[in-house]
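Colleague: Data: entry-v5.txt, compact mmCIF, C-alpha atoms.
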# COMPACT_ATOMS: atom_id res chain seq x y z
CA MET D 68 -40.77 63.15 31.55
CA THR D 69 -40.86 66.93 31.76
CA VAL D 70 -43.57 68.66 33.77
CA ARG D 71 -43.64 72.40 33.36
CA SER D 72 -45.49 75.32 34.81
CA VAL D 73 -47.84 76.94 32.27
CA LEU D 74 -50.49 79.62 32.17
CA VAL D 75 -53.97 78.40 32.96
CA PRO D 76 -55.47 77.66 29.53
CA SER D 77 -57.92 80.44 28.66
CA SER D 78 -60.27 77.88 27.12
CA ALA D 79 -60.38 75.73 30.28
CA ALA D 80 -63.86 75.21 31.73
CA ILE D 81 -62.49 75.49 35.27
CA HIS D 82 -62.82 79.29 35.00
CA ASP D 83 -66.62 78.87 35.06
CA TYR D 84 -66.50 76.97 38.35
CA LEU D 85 -64.64 79.58 40.42
CA PRO D 86 -64.83 82.94 38.63
CA GLU D 87 -63.77 84.87 41.76
CA ALA D 88 -60.47 82.98 42.12
CA ASP D 89 -57.57 85.10 43.34
CA PHE D 90 -54.87 82.42 42.86
CA ALA D 91 -54.21 80.14 39.92
CA ASP D 92 -51.52 77.77 38.77
CA ALA D 93 -51.22 75.09 36.11
CA TYR D 94 -48.74 72.33 35.25
CA GLU D 95 -48.58 70.27 32.10
CA VAL D 96 -47.01 67.15 30.74
CA ILE D 97 -47.01 66.01 27.11
CA VAL D 98 -47.65 62.30 26.52
CA PRO D 99 -48.32 60.07 23.50
CA ALA D 100 -51.91 60.43 22.29
CA ARG D 101 -54.33 57.90 23.81
CA ASP D 102 -58.06 57.56 24.02
CA ILE D 103 -58.34 58.23 27.74
CA SER D 104 -61.01 60.50 29.17
CA PRO D 105 -60.15 63.43 31.44
CA GLN D 106 -61.86 61.52 34.27
CA GLU D 107 -59.63 58.47 33.69
CA SER D 108 -56.65 60.84 33.53
CA PHE D 109 -57.67 62.34 36.89
CA HIS D 110 -57.78 58.87 38.49
CA ALA D 111 -54.43 57.91 36.92
CA ILE D 112 -52.84 61.04 38.37
CA ILE D 113 -54.29 60.54 41.86
CA LYS D 114 -53.34 56.84 41.77
CA SER D 115 -49.74 57.93 41.10
CA MET D 116 -49.39 59.75 44.42
CA PRO D 117 -45.95 59.07 45.88
CA ASP D 118 -45.87 57.83 49.48
CA TRP D 119 -44.13 60.98 50.75
CA PHE D 120 -46.93 63.16 49.32
CA ARG D 121 -49.69 60.87 50.61
CA ASN D 122 -48.10 60.96 54.09
CA LEU D 123 -47.75 64.74 53.92
CA PHE D 124 -51.41 65.03 52.93
CA LYS D 125 -52.41 62.80 55.84
CA LEU D 126 -50.33 64.94 58.22
CA ARG D 127 -51.98 68.09 56.83
CA ASN D 128 -55.39 66.57 57.52
CA LYS D 129 -54.51 65.76 61.14
CA LEU D 130 -53.19 69.29 61.69
CA VAL D 131 -56.18 71.16 60.21
CA ARG D 132 -59.02 68.95 61.49
CA PRO D 133 -59.04 70.64 64.96
CA PHE D 134 -59.65 73.97 63.21
CA GLY D 135 -62.80 72.65 61.55
CA LEU D 136 -61.36 72.51 58.03
CA ILE D 137 -62.19 69.82 55.51
CA ALA D 138 -59.79 66.98 56.22
CA PRO D 139 -60.43 63.55 54.71
CA THR D 140 -59.51 60.60 56.88
CA SER D 141 -56.67 58.30 55.90
CA ASN D 142 -59.23 55.68 54.84
CA GLU D 143 -61.00 58.20 52.58
CA LEU D 144 -57.69 59.17 51.03
CA ASP D 145 -56.64 55.55 50.46
CA ALA D 146 -60.00 54.19 49.30
CA MET D 147 -60.62 56.03 46.05
CA VAL D 148 -62.73 53.79 43.85
CA PRO D 149 -63.26 55.15 40.33
CA LYS D 150 -66.84 55.19 39.05
CA GLU D 151 -67.96 54.98 35.45
CA THR D 152 -69.73 58.31 35.70
CA TYR D 153 -70.15 61.08 38.25
CA GLU D 154 -73.07 63.34 39.05
CA LEU D 155 -72.75 66.84 40.49
CA GLY D 156 -71.92 66.64 44.18
CA ASP D 157 -70.52 63.10 44.02
CA ARG D 158 -67.14 62.45 45.58
CA ILE D 159 -64.31 61.88 43.12
CA GLY D 160 -61.59 60.67 45.38
CA VAL D 161 -61.46 63.07 48.33
CA PHE D 162 -62.87 65.94 46.25
CA GLU D 163 -66.35 66.95 45.24
CA PHE D 164 -67.25 66.53 41.57
CA TYR D 165 -68.26 69.86 40.01
CA GLY D 166 -68.43 69.09 36.32
CA ARG D 167 -66.90 67.91 33.09
CA THR D 168 -66.59 68.59 29.42
CA ASP D 169 -65.30 66.21 26.77
CA LYS D 170 -61.77 67.49 27.56
CA GLU D 171 -61.84 68.39 31.24
CA VAL D 172 -62.99 67.22 34.67
CA VAL D 173 -63.39 69.72 37.54
CA THR D 174 -63.30 68.81 41.24
CA GLY D 175 -62.64 70.75 44.42
CA ALA D 176 -64.03 71.79 47.76
CA ASP D 177 -65.47 74.78 49.56
CA ASP D 178 -64.35 75.55 53.09
CA LYS D 179 -64.63 78.46 55.49
CA HIS D 180 -61.11 79.75 54.74
CA LEU D 181 -61.03 79.17 50.98
CA ASN D 182 -62.67 77.50 48.02
CA PHE D 183 -60.64 75.65 45.44
CA ARG D 184 -61.16 73.92 42.14
CA LEU D 185 -58.85 71.41 40.53
CA SER D 186 -59.12 70.38 36.91
CA VAL D 187 -57.51 67.88 34.62
CA LEU D 188 -57.63 69.01 31.00
CA ARG D 189 -56.65 66.63 28.19
CA VAL D 190 -56.14 68.16 24.75
CA ARG D 191 -55.08 66.28 21.60
CA ASP D 192 -52.32 67.86 19.51
CA GLY D 193 -51.46 65.57 16.60
CA ASP D 194 -49.86 62.43 17.99
CA LYS D 195 -49.48 63.94 21.48
CA ASP D 196 -51.85 64.73 24.33
CA ARG D 197 -51.31 67.74 26.52
CA ILE D 198 -52.41 67.06 30.13
CA VAL D 199 -52.86 70.21 32.22
CA VAL D 200 -53.63 70.17 35.94
CA THR D 201 -55.00 73.54 37.04
CA THR D 202 -55.73 74.78 40.55
CA LEU D 203 -57.87 77.86 41.24
CA VAL D 204 -58.31 79.23 44.76
CA GLN D 205 -60.58 81.89 46.20
CA ARG D 206 -59.34 82.92 49.65
CA HIS D 207 -61.99 84.19 52.07
CA ASN D 208 -59.93 85.55 54.94
CA LEU D 209 -56.52 85.87 56.56
CA ALA D 210 -56.55 82.18 57.51
CA GLY D 211 -57.03 81.30 53.83
CA ARG D 212 -54.12 83.50 52.78
CA ILE D 213 -51.83 82.04 55.47
CA TYR D 214 -52.89 78.49 54.69
CA LEU D 215 -52.30 78.87 50.95
CA ARG D 216 -48.91 80.50 51.45
CA SER D 217 -47.84 77.69 53.79
CA ILE D 218 -48.78 74.83 51.45
CA LEU D 219 -47.72 76.28 48.09
CA PRO D 220 -44.20 74.77 48.04
CA PHE D 221 -45.68 71.32 48.78
CA HIS D 222 -48.52 71.86 46.33
CA GLU D 223 -46.17 72.65 43.46
CA LEU D 224 -43.82 69.77 44.23
CA GLY D 225 -46.76 67.41 44.74
CA VAL D 226 -48.60 68.27 41.51
CA ARG D 227 -45.37 67.97 39.53
CA SER D 228 -44.66 64.57 41.12
CA LEU D 229 -48.18 63.30 40.47
CA LEU D 230 -48.05 64.25 36.79
CA ARG D 231 -44.52 62.93 36.29
CA ASN D 232 -45.28 59.61 38.04
CA ALA D 233 -48.47 59.02 36.04
CA ALA D 234 -46.73 59.86 32.77
CA GLU D 235 -43.65 57.74 33.50
CA LYS D 236 -45.82 54.76 34.47
CA GLY D 237 -47.66 55.06 31.16
CA LEU D 238 -50.98 55.69 32.90
CA LEU D 239 -51.71 58.86 30.98
Taking this structure as input, can you express it in the form of structure tokens?

Modeller:
Amino acid sequence: MTVRSVLVPSSAAIHDYLPEADFADAYEVIVPARDISPQESFHAIIKSMPDWFRNLFKLRNKLVRPFGLIAPTSNELDAMVPKETYELGDRIGVFEFYGRTDKEVVTGADDKHLNFRLSVLRVRDGDKDRIVVTTLVQRHNLAGRIYLRSILPFHELGVRSLLRNAAEKGLL
């Protein structure tokens, strides 16, 4: 299954949730068309987290917690229970739920060093669905710039792995 880097779709609702973003990336995978909501797609992607990425995320949380940054506990990371519907401010996994359209779900978090939004967009194209995971970041200070620069290689590899795993397992 091929996951490729793409431009953030101009029609994506995520733009409305962090208009001051100064970093953006997006990755897509094409899968057979299915009647799966963007919210279900989000959960399928998160559920497909490889152990190495989960462990890296847990290590990241231990390292940043002393600096007062948002850092979910291991239990919070492992105990994601999908809900039928989400209201603004609810937790969707380890992220805050910001909104949805019929094609997209937007989550994220605000912290003192940066704000970020993550979306899963699902668009039908004939007999295929295009799944795009987009990340927008608004850095607030030098710490935000250093933090983002330090995690980007892991972020890219992780998002690609999540999408590929979910697609290969037939979850998308």

Colleague: Could you give me, as a Markdown table, a per-residue list for stretch 86-200 of chain D showing, wherever an atom lies at most 10 Å from an atom of stretch 212-232 of chain D, the closest pair of atoms and their distance in Å to one decimal, using all atoms listed in the file and sorting by chain then residue number from low to high?

Modeller:
| residue | atom | partner | partner_atom | distance |
| --- | --- | --- | --- | --- |
| D:Phe90 | CA | D:Leu215 | CA | 9.2 |
| D:Asp92 | CA | D:Glu223 | CA | 8.8 |
| D:Ala93 | CA | D:Val226 | CA | 9.1 |
| D:Tyr94 | CA | D:Arg227 | CA | 7.0 |
| D:Glu95 | CA | D:Leu230 | CA | 7.6 |
| D:Val96 | CA | D:Leu230 | CA | 6.8 |
| D:Ile97 | CA | D:Leu230 | CA | 9.9 |
| D:Ser108 | CA | D:Leu230 | CA | 9.8 |
| D:Phe109 | CA | D:Leu230 | CA | 9.8 |
| D:Ala111 | CA | D:Leu229 | CA | 9.0 |
| D:Ile112 | CA | D:Leu229 | CA | 5.6 |
| D:Ile113 | CA | D:Leu229 | CA | 6.8 |
| D:Lys114 | CA | D:Leu229 | CA | 8.4 |
| D:Ser115 | CA | D:Leu229 | CA | 5.6 |
| D:Met116 | CA | D:Leu229 | CA | 5.4 |
| D:Pro117 | CA | D:Leu229 | CA | 7.2 |
| D:Trp119 | CA | D:Gly225 | CA | 9.2 |
| D:Phe120 | CA | D:Gly225 | CA | 6.3 |
| D:Arg121 | CA | D:Gly225 | CA | 9.3 |
| D:Leu123 | CA | D:Phe221 | CA | 8.6 |
| D:Phe124 | CA | D:Phe221 | CA | 9.5 |
| D:Arg127 | CA | D:Ile218 | CA | 9.2 |
| D:Val131 | CA | D:Tyr214 | CA | 9.7 |
| D:His180 | CA | D:Arg212 | CA | 8.2 |
| D:Leu181 | CA | D:Arg212 | CA | 8.4 |
| D:Ile198 | CA | D:Leu230 | CA | 8.4 |
| D:Val199 | CA | D:Leu230 | CA | 8.9 |
| D:Val200 | CA | D:Val226 | CA | 7.7 |

Colleague: For the interface of stretch 92-173 of chain D with stretch 186-189 of chain D (cut-off 8 Å, counting all atoms listed in the file), please tabulate each contacting residue of stretch 92-173 of chain D alongside its nearest pair of atoms and their separation in Å to one decimal, rows sorted by chain and increasing number, as a tab-separated table.

Modeller:
residue	atom	partner	partner_atom	distance
D:Ser104	CA	D:Arg189	CA	7.6
D:Pro105	CA	D:Arg189	CA	5.7
D:Gln106	CA	D:Val187	CA	7.7
D:Ser108	CA	D:Val187	CA	7.2
D:Phe109	CA	D:Val187	CA	6.0
D:Lys170	CA	D:Arg189	CA	5.2
D:Glu171	CA	D:Leu188	CA	4.3
D:Val172	CA	D:Ser186	CA	5.5
D:Val173	CA	D:Ser186	CA	4.4

Colleague: So which one's closest to D:Arg191, D:Arg158, D:Asp118, D:Ile81, D:Asp169? Using only C-alpha atoms, please.

Modeller: D:Asp169

Colleague: Please indicate the distance in Å from atom CA of D:Lys125 to atom CA of D:Ala138, rounded to one decimal place.

Modeller: 8.5 Å

Colleague: So, counting all atoms listed in the file, which residue among D:Gly193, D:Arg167, D:His82, D:Ala176 is closest to D:Glu154?

Modeller: D:Arg167

Colleague: Expressed in Å to a single decimal, how great is the separation between atom CA of D:Ala234 and atom CA of D:Met68?

Modeller: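 The value is 6.9 Å.
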
Colleague: Figure out the distance between atom CA of D:Ala233 and atom CA of D:Asn122, please, to one decimal in Å.

Modeller: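 Result for atom CA of D:Asn122 versus atom CA of D:Ala233: 18.2 Å, one decimal.
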
Colleague: Smallest atom-to-atom distance to D:Gly237: which of D:Leu155, D:Ala79, D:Ile103, D:Leu85, using only C-alpha atoms?

Modeller: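 The closest residue to D:Gly237 is D:Ile103.
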
Colleague: Would you compute an axis-aligned box for stretch 95-100 of chain D, covering every atom listed for it in the file with 5 Å of margin on each side, and report centre and edge lengths in Å to one decimal as lines of an AutoDock Vina configuration file?

Modeller:
center_x = -49.5
center_y = 65.2
center_z = 27.2
size_x = 14.9
size_y = 20.2
size_z = 19.8
